[in-house]
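Source file: work15.pdb; contents: PDB, C-alpha atoms.
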ATOM      1  CA  MET L   1     -56.924 -65.473  75.144  1.00  0.00           C
ATOM      2  CA  SER L   2     -55.835 -65.123  78.722  1.00  0.00           C
ATOM      3  CA  ALA L   3     -52.198 -64.776  79.745  1.00  0.00           C
ATOM      4  CA  THR L   4     -52.721 -67.275  82.567  1.00  0.00           C
ATOM      5  CA  ASN L   5     -50.337 -70.077  81.636  1.00  0.00           C
ATOM      6  CA  PHE L   6     -50.204 -73.150  83.854  1.00  0.00           C
ATOM      7  CA  THR L   7     -47.380 -72.796  86.404  1.00  0.00           C
ATOM      8  CA  THR L   8     -46.234 -74.833  89.379  1.00  0.00           C
ATOM      9  CA  THR L   9     -43.155 -74.570  91.591  1.00  0.00           C
ATOM     10  CA  ILE L  10     -41.209 -76.991  93.773  1.00  0.00           C
ATOM     11  CA  LEU L  11     -38.425 -76.268  96.256  1.00  0.00           C
ATOM     12  CA  VAL L  12     -35.740 -78.873  96.996  1.00  0.00           C
ATOM     13  CA  ASP L  13     -32.505 -79.205  98.960  1.00  0.00           C
ATOM     14  CA  GLN L  14     -30.589 -80.542  95.944  1.00  0.00           C
ATOM     15  CA  SER L  15     -28.282 -78.374  93.823  1.00  0.00           C
ATOM     16  CA  PRO L  16     -29.298 -76.657  90.572  1.00  0.00           C
ATOM     17  CA  GLN L  17     -27.064 -79.205  88.794  1.00  0.00           C
ATOM     18  CA  GLU L  18     -28.991 -82.117  90.301  1.00  0.00           C
ATOM     19  CA  VAL L  19     -32.334 -80.496  89.411  1.00  0.00           C
ATOM     20  CA  PHE L  20     -31.182 -79.850  85.828  1.00  0.00           C
ATOM     21  CA  LYS L  21     -29.999 -83.453  85.476  1.00  0.00           C
ATOM     22  CA  ALA L  22     -33.373 -84.749  86.718  1.00  0.00           C
ATOM     23  CA  VAL L  23     -35.410 -82.463  84.425  1.00  0.00           C
ATOM     24  CA  THR L  24     -33.465 -83.665  81.380  1.00  0.00           C
ATOM     25  CA  ASN L  25     -34.075 -87.299  82.418  1.00  0.00           C
ATOM     26  CA  VAL L  26     -37.606 -87.131  80.997  1.00  0.00           C
ATOM     27  CA  ARG L  27     -37.957 -90.948  81.005  1.00  0.00           C
ATOM     28  CA  GLY L  28     -37.299 -90.863  84.746  1.00  0.00           C
ATOM     29  CA  TRP L  29     -40.268 -88.636  85.622  1.00  0.00           C
ATOM     30  CA  TRP L  30     -42.748 -88.236  82.702  1.00  0.00           C
ATOM     31  CA  SER L  31     -42.834 -91.404  80.628  1.00  0.00           C
ATOM     32  CA  GLU L  32     -40.704 -94.480  80.146  1.00  0.00           C
ATOM     33  CA  GLU L  33     -41.911 -94.532  76.523  1.00  0.00           C
ATOM     34  CA  ILE L  34     -40.082 -91.363  75.412  1.00  0.00           C
ATOM     35  CA  GLU L  35     -38.291 -91.900  72.098  1.00  0.00           C
ATOM     36  CA  GLY L  36     -35.342 -89.636  71.259  1.00  0.00           C
ATOM     37  CA  ASN L  37     -32.906 -87.448  73.178  1.00  0.00           C
ATOM     38  CA  THR L  38     -34.051 -85.104  75.948  1.00  0.00           C
ATOM     39  CA  ALA L  39     -31.061 -83.126  77.253  1.00  0.00           C
ATOM     40  CA  GLN L  40     -29.266 -81.015  74.628  1.00  0.00           C
ATOM     41  CA  LEU L  41     -30.207 -77.991  72.535  1.00  0.00           C
ATOM     42  CA  ASN L  42     -32.111 -79.086  69.385  1.00  0.00           C
ATOM     43  CA  ASP L  43     -32.758 -82.600  70.754  1.00  0.00           C
ATOM     44  CA  GLU L  44     -36.168 -83.915  69.716  1.00  0.00           C
ATOM     45  CA  PHE L  45     -38.284 -86.564  71.363  1.00  0.00           C
ATOM     46  CA  ASP L  46     -41.656 -88.210  70.938  1.00  0.00           C
ATOM     47  CA  TYR L  47     -44.025 -88.792  73.840  1.00  0.00           C
ATOM     48  CA  HIS L  48     -47.093 -90.984  73.723  1.00  0.00           C
ATOM     49  CA  TYR L  49     -49.609 -92.261  76.196  1.00  0.00           C
ATOM     50  CA  GLU L  50     -51.614 -95.116  74.714  1.00  0.00           C
ATOM     51  CA  ASP L  51     -53.736 -93.727  71.852  1.00  0.00           C
ATOM     52  CA  ILE L  52     -54.827 -90.799  74.045  1.00  0.00           C
ATOM     53  CA  HIS L  53     -51.935 -88.324  73.783  1.00  0.00           C
ATOM     54  CA  ARG L  54     -48.954 -88.023  71.463  1.00  0.00           C
ATOM     55  CA  CYS L  55     -46.570 -85.136  70.957  1.00  0.00           C
ATOM     56  CA  LYS L  56     -43.253 -84.279  69.335  1.00  0.00           C
ATOM     57  CA  VAL L  57     -41.051 -81.957  71.390  1.00  0.00           C
ATOM     58  CA  LYS L  58     -37.880 -80.025  70.517  1.00  0.00           C
ATOM     59  CA  LEU L  59     -35.520 -78.462  73.063  1.00  0.00           C
ATOM     60  CA  ILE L  60     -35.159 -74.874  71.837  1.00  0.00           C
ATOM     61  CA  GLU L  61     -33.314 -73.374  74.812  1.00  0.00           C
ATOM     62  CA  VAL L  62     -30.937 -75.131  77.190  1.00  0.00           C
ATOM     63  CA  ILE L  63     -28.938 -73.137  79.739  1.00  0.00           C
ATOM     64  CA  PRO L  64     -27.298 -75.724  82.008  1.00  0.00           C
ATOM     65  CA  ASN L  65     -28.518 -75.596  85.607  1.00  0.00           C
ATOM     66  CA  GLN L  66     -30.810 -72.596  84.844  1.00  0.00           C
ATOM     67  CA  ARG L  67     -33.402 -73.016  82.105  1.00  0.00           C
ATOM     68  CA  ILE L  68     -34.841 -75.500  79.617  1.00  0.00           C
ATOM     69  CA  VAL L  69     -37.518 -74.622  77.073  1.00  0.00           C
ATOM     70  CA  TRP L  70     -39.369 -77.180  74.979  1.00  0.00           C
ATOM     71  CA  LEU L  71     -41.388 -76.422  71.865  1.00  0.00           C
ATOM     72  CA  VAL L  72     -44.314 -78.756  71.217  1.00  0.00           C
ATOM     73  CA  GLU L  73     -43.970 -79.131  67.450  1.00  0.00           C
ATOM     74  CA  GLN L  74     -46.867 -81.565  67.002  1.00  0.00           C
ATOM     75  CA  ASN L  75     -49.613 -82.718  69.333  1.00  0.00           C
ATOM     76  CA  TYR L  76     -52.559 -85.097  69.268  1.00  0.00           C
ATOM     77  CA  PHE L  77     -55.229 -85.432  71.961  1.00  0.00           C
ATOM     78  CA  LYS L  78     -57.927 -88.057  71.540  1.00  0.00           C
ATOM     79  CA  PHE L  79     -60.136 -86.330  74.119  1.00  0.00           C
ATOM     80  CA  THR L  80     -60.414 -82.756  72.785  1.00  0.00           C
ATOM     81  CA  GLU L  81     -62.277 -81.271  69.840  1.00  0.00           C
ATOM     82  CA  ASP L  82     -59.077 -79.514  68.731  1.00  0.00           C
ATOM     83  CA  GLU L  83     -56.686 -82.462  68.793  1.00  0.00           C
ATOM     84  CA  THR L  84     -53.662 -80.158  68.344  1.00  0.00           C
ATOM     85  CA  GLU L  85     -54.168 -77.876  71.380  1.00  0.00           C
ATOM     86  CA  TRP L  86     -50.567 -78.088  72.636  1.00  0.00           C
ATOM     87  CA  THR L  87     -48.986 -77.469  69.219  1.00  0.00           C
ATOM     88  CA  GLY L  88     -46.845 -74.332  69.373  1.00  0.00           C
ATOM     89  CA  THR L  89     -46.753 -74.178  73.193  1.00  0.00           C
ATOM     90  CA  TYR L  90     -43.624 -73.993  75.354  1.00  0.00           C
ATOM     91  CA  PRO L  91     -43.181 -76.129  78.474  1.00  0.00           C
ATOM     92  CA  THR L  92     -40.480 -74.200  80.383  1.00  0.00           C
ATOM     93  CA  PHE L  93     -38.323 -75.199  83.350  1.00  0.00           C
ATOM     94  CA  GLU L  94     -36.585 -72.416  85.296  1.00  0.00           C
ATOM     95  CA  ILE L  95     -34.052 -73.326  87.973  1.00  0.00           C
ATOM     96  CA  SER L  96     -32.851 -70.824  90.562  1.00  0.00           C
ATOM     97  CA  GLU L  97     -31.450 -70.658  94.073  1.00  0.00           C
ATOM     98  CA  LYS L  98     -33.800 -69.419  96.761  1.00  0.00           C
ATOM     99  CA  ASP L  99     -33.058 -69.199 100.486  1.00  0.00           C
ATOM    100  CA  GLY L 100     -30.371 -71.891 100.344  1.00  0.00           C
ATOM    101  CA  LYS L 101     -32.580 -74.258  98.342  1.00  0.00           C
ATOM    102  CA  THR L 102     -33.182 -74.828  94.649  1.00  0.00           C
ATOM    103  CA  GLU L 103     -36.460 -73.686  93.138  1.00  0.00           C
ATOM    104  CA  LEU L 104     -37.842 -75.275  89.997  1.00  0.00           C
ATOM    105  CA  ARG L 105     -40.586 -73.257  88.335  1.00  0.00           C
ATOM    106  CA  PHE L 106     -42.430 -75.099  85.574  1.00  0.00           C
ATOM    107  CA  THR L 107     -44.594 -73.000  83.265  1.00  0.00           C
ATOM    108  CA  HIS L 108     -46.375 -74.445  80.263  1.00  0.00           C
ATOM    109  CA  VAL L 109     -46.490 -71.247  78.186  1.00  0.00           C
ATOM    110  CA  GLY L 110     -49.593 -71.453  76.026  1.00  0.00           C
ATOM    111  CA  LEU L 111     -51.485 -73.923  78.224  1.00  0.00           C
ATOM    112  CA  VAL L 112     -54.272 -71.582  79.302  1.00  0.00           C
ATOM    113  CA  PRO L 113     -57.690 -72.038  80.971  1.00  0.00           C
ATOM    114  CA  GLU L 114     -59.452 -71.466  77.633  1.00  0.00           C
ATOM    115  CA  TYR L 115     -58.064 -74.787  76.337  1.00  0.00           C
ATOM    116  CA  GLU L 116     -60.422 -77.750  76.536  1.00  0.00           C
ATOM    117  CA  CYS L 117     -57.557 -79.879  77.894  1.00  0.00           C
ATOM    118  CA  PHE L 118     -56.612 -77.374  80.615  1.00  0.00           C
ATOM    119  CA  GLU L 119     -58.099 -79.177  83.650  1.00  0.00           C
ATOM    120  CA  ILE L 120     -56.824 -82.597  82.598  1.00  0.00           C
ATOM    121  CA  CYS L 121     -53.399 -81.207  81.669  1.00  0.00           C
ATOM    122  CA  ARG L 122     -53.164 -79.174  84.865  1.00  0.00           C
ATOM    123  CA  GLY L 123     -53.787 -82.322  86.886  1.00  0.00           C
ATOM    124  CA  ALA L 124     -51.269 -84.325  84.881  1.00  0.00           C
ATOM    125  CA  TRP L 125     -48.516 -81.688  85.006  1.00  0.00           C
ATOM    126  CA  THR L 126     -49.132 -81.166  88.734  1.00  0.00           C
ATOM    127  CA  ASN L 127     -48.622 -84.896  89.273  1.00  0.00           C
ATOM    128  CA  TYR L 128     -45.566 -85.195  87.056  1.00  0.00           C
ATOM    129  CA  ILE L 129     -43.810 -82.074  88.406  1.00  0.00           C
ATOM    130  CA  GLU L 130     -44.852 -81.963  92.087  1.00  0.00           C
ATOM    131  CA  ASN L 131     -44.841 -85.735  92.606  1.00  0.00           C
ATOM    132  CA  SER L 132     -42.769 -87.654  90.045  1.00  0.00           C
ATOM    133  CA  LEU L 133     -40.070 -85.084  89.198  1.00  0.00           C
ATOM    134  CA  PHE L 134     -39.873 -84.029  92.871  1.00  0.00           C
ATOM    135  CA  LYS L 135     -39.261 -87.675  93.846  1.00  0.00           C
ATOM    136  CA  LEU L 136     -36.689 -88.133  91.074  1.00  0.00           C
ATOM    137  CA  ILE L 137     -34.802 -85.080  92.341  1.00  0.00           C
ATOM    138  CA  THR L 138     -35.045 -85.917  96.053  1.00  0.00           C
ATOM    139  CA  THR L 139     -34.821 -89.733  96.064  1.00  0.00           C
ATOM    140  CA  GLY L 140     -33.354 -90.637  92.675  1.00  0.00           C
ATOM    141  CA  LYS L 141     -36.531 -92.435  91.580  1.00  0.00           C
ATOM    142  CA  GLY L 142     -39.510 -90.780  89.904  1.00  0.00           C
ATOM    143  CA  GLU L 143     -42.927 -92.175  89.013  1.00  0.00           C
ATOM    144  CA  PRO L 144     -43.218 -91.873  85.229  1.00  0.00           C
ATOM    145  CA  ASN L 145     -46.073 -93.471  83.393  1.00  0.00           C
ATOM    146  CA  ALA L 146     -45.258 -96.854  81.967  1.00  0.00           C
ATOM    147  CA  THR L 147     -47.083 -99.058  79.501  1.00  0.00           C
ATOM    148  CA  GLY L 148     -50.561 -99.709  80.857  1.00  0.00           C
ATOM    149  CA  LYS L 149     -50.007 -97.817  84.105  1.00  0.00           C
ATOM    150  CA  PRO L 150     -51.879 -94.507  84.239  1.00  0.00           C
ATOM    151  CA  GLN L 151     -50.606 -92.185  86.994  1.00  0.00           C
ATOM    152  CA  THR L 152     -53.502 -89.785  87.540  1.00  0.00           C
ATOM    153  CA  GLU L 153     -57.252 -90.175  87.962  1.00  0.00           C
ATOM    154  CA  ASN L 154     -57.816 -88.408  84.646  1.00  0.00           C
ATOM    155  CA  GLU L 155     -55.400 -90.766  82.873  1.00  0.00           C
ATOM    156  CA  LYS L 156     -57.326 -93.689  84.354  1.00  0.00           C
ATOM    157  CA  LYS L 157     -60.653 -92.244  83.150  1.00  0.00           C
ATOM    158  CA  LEU L 158     -59.300 -91.504  79.677  1.00  0.00           C
ATOM    159  CA  SER L 159     -57.847 -95.015  79.436  1.00  0.00           C
ATOM    160  CA  GLU L 160     -61.250 -96.529  80.205  1.00  0.00           C
ATOM    161  CA  LYS L 161     -63.115 -94.600  77.481  1.00  0.00           C
ATOM    162  CA  PRO L 162     -63.784 -96.572  74.272  1.00  0.00           C
TER
END

Spell out the structure here as structure tokens.
Amino acid sequence: MSATNFTTTILVDQSPQEVFKAVTNVRGWWSEEIEGNTAQLNDEFDYHYEDIHRCKVKLIEVIPNQRIVWLVEQNYFKFTEDETEWTGTYPTFEISEKDGKTELRFTHVGLVPEYECFEICRGAWTNYIENSLFKLITTGKGEPNATGKPQTENEKKLSEKP
């Protein structure tokens, strides 16, 4: 396996505290259908998008205003041969100050190009981090997916498949 995990970075004028608060508001940028708590160490939540993607996530590291690490404990993809591809991976949010701004580096440790879902997941994470989470941080309103409202072209295509 390659060590090339998916990573993307955004730079904002808001404080590390504001970025941390937005990241932990997972319903505000990823999905309105999150069930469970999303902000404290050992919190667990369930994500689902129609019958296409479901996962159970646990927060295994939380350093306020600096770092949040999720562990994907269970995962189901309808569209991959190995339905559990994300299981055991670590979506990681690192917050730091850079040139008077706040940098948020998102790395999904374990999401590598060898995964069948890589292209679809890369597109989805890019949208949710660079678009929705960025907007939540900078304007107070993100663009999470909601019931029946796919956000990306790939989500639209997957939703149309029988």

Shortest interatomic distance to Gly88 in chain L - which of L:Ile68, L:Val57, L:Cys117, L:Val23, counting all atoms listed in the file
L:Val57

For this structure, which residues satisfy the selection - the PyMOL selection byres ((chain L and resi 69) around 10) - when it is evaluated on the file as given? I want them as an NGL selection string.
:L and (41 or 57-63 or 67-68 or 70-72 or 90-94 or 106-109)

Selection result of the PyMOL selection byres ((chain L and resi 27) around 10) on this file, as a list of chain:residue names
L:Ala22, L:Val23, L:Thr24, L:Asn25, L:Val26, L:Gly28, L:Trp29, L:Trp30, L:Ser31, L:Glu32, L:Glu33, L:Ile34, L:Glu35, L:Asn37, L:Thr38, L:Tyr47, L:Gly142, L:Glu143, L:Pro144, L:Asn145, L:Ala146

Please produce a file of those selected residues containing C-alpha atoms, as an mmCIF file, keeping the file's coordinate frame.
data_model
loop_
_atom_site.group_PDB
_atom_site.id
_atom_site.type_symbol
_atom_site.label_atom_id
_atom_site.label_comp_id
_atom_site.auth_asym_id
_atom_site.auth_seq_id
_atom_site.Cartn_x
_atom_site.Cartn_y
_atom_site.Cartn_z
ATOM 1 C CA ALA L 22 -33.373 -84.749 86.718
ATOM 2 C CA VAL L 23 -35.410 -82.463 84.425
ATOM 3 C CA THR L 24 -33.465 -83.665 81.380
ATOM 4 C CA ASN L 25 -34.075 -87.299 82.418
ATOM 5 C CA VAL L 26 -37.606 -87.131 80.997
ATOM 6 C CA GLY L 28 -37.299 -90.863 84.746
ATOM 7 C CA TRP L 29 -40.268 -88.636 85.622
ATOM 8 C CA TRP L 30 -42.748 -88.236 82.702
ATOM 9 C CA SER L 31 -42.834 -91.404 80.628
ATOM 10 C CA GLU L 32 -40.704 -94.480 80.146
ATOM 11 C CA GLU L 33 -41.911 -94.532 76.523
ATOM 12 C CA ILE L 34 -40.082 -91.363 75.412
ATOM 13 C CA GLU L 35 -38.291 -91.900 72.098
ATOM 14 C CA ASN L 37 -32.906 -87.448 73.178
ATOM 15 C CA THR L 38 -34.051 -85.104 75.948
ATOM 16 C CA TYR L 47 -44.025 -88.792 73.840
ATOM 17 C CA GLY L 142 -39.510 -90.780 89.904
ATOM 18 C CA GLU L 143 -42.927 -92.175 89.013
ATOM 19 C CA PRO L 144 -43.218 -91.873 85.229
ATOM 20 C CA ASN L 145 -46.073 -93.471 83.393
ATOM 21 C CA ALA L 146 -45.258 -96.854 81.967
#

Evaluate the PyMOL selection byres ((chain L and resi 130) around 12) on the structure here and hand back the selected residues as a PyMOL selection string.
chain L and resi 7-12+29-30+103-106+122-129+131-138+142-143

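CA of Tyr115 in chain L is found 11.8 Å from CA of Thr89 in chain L.
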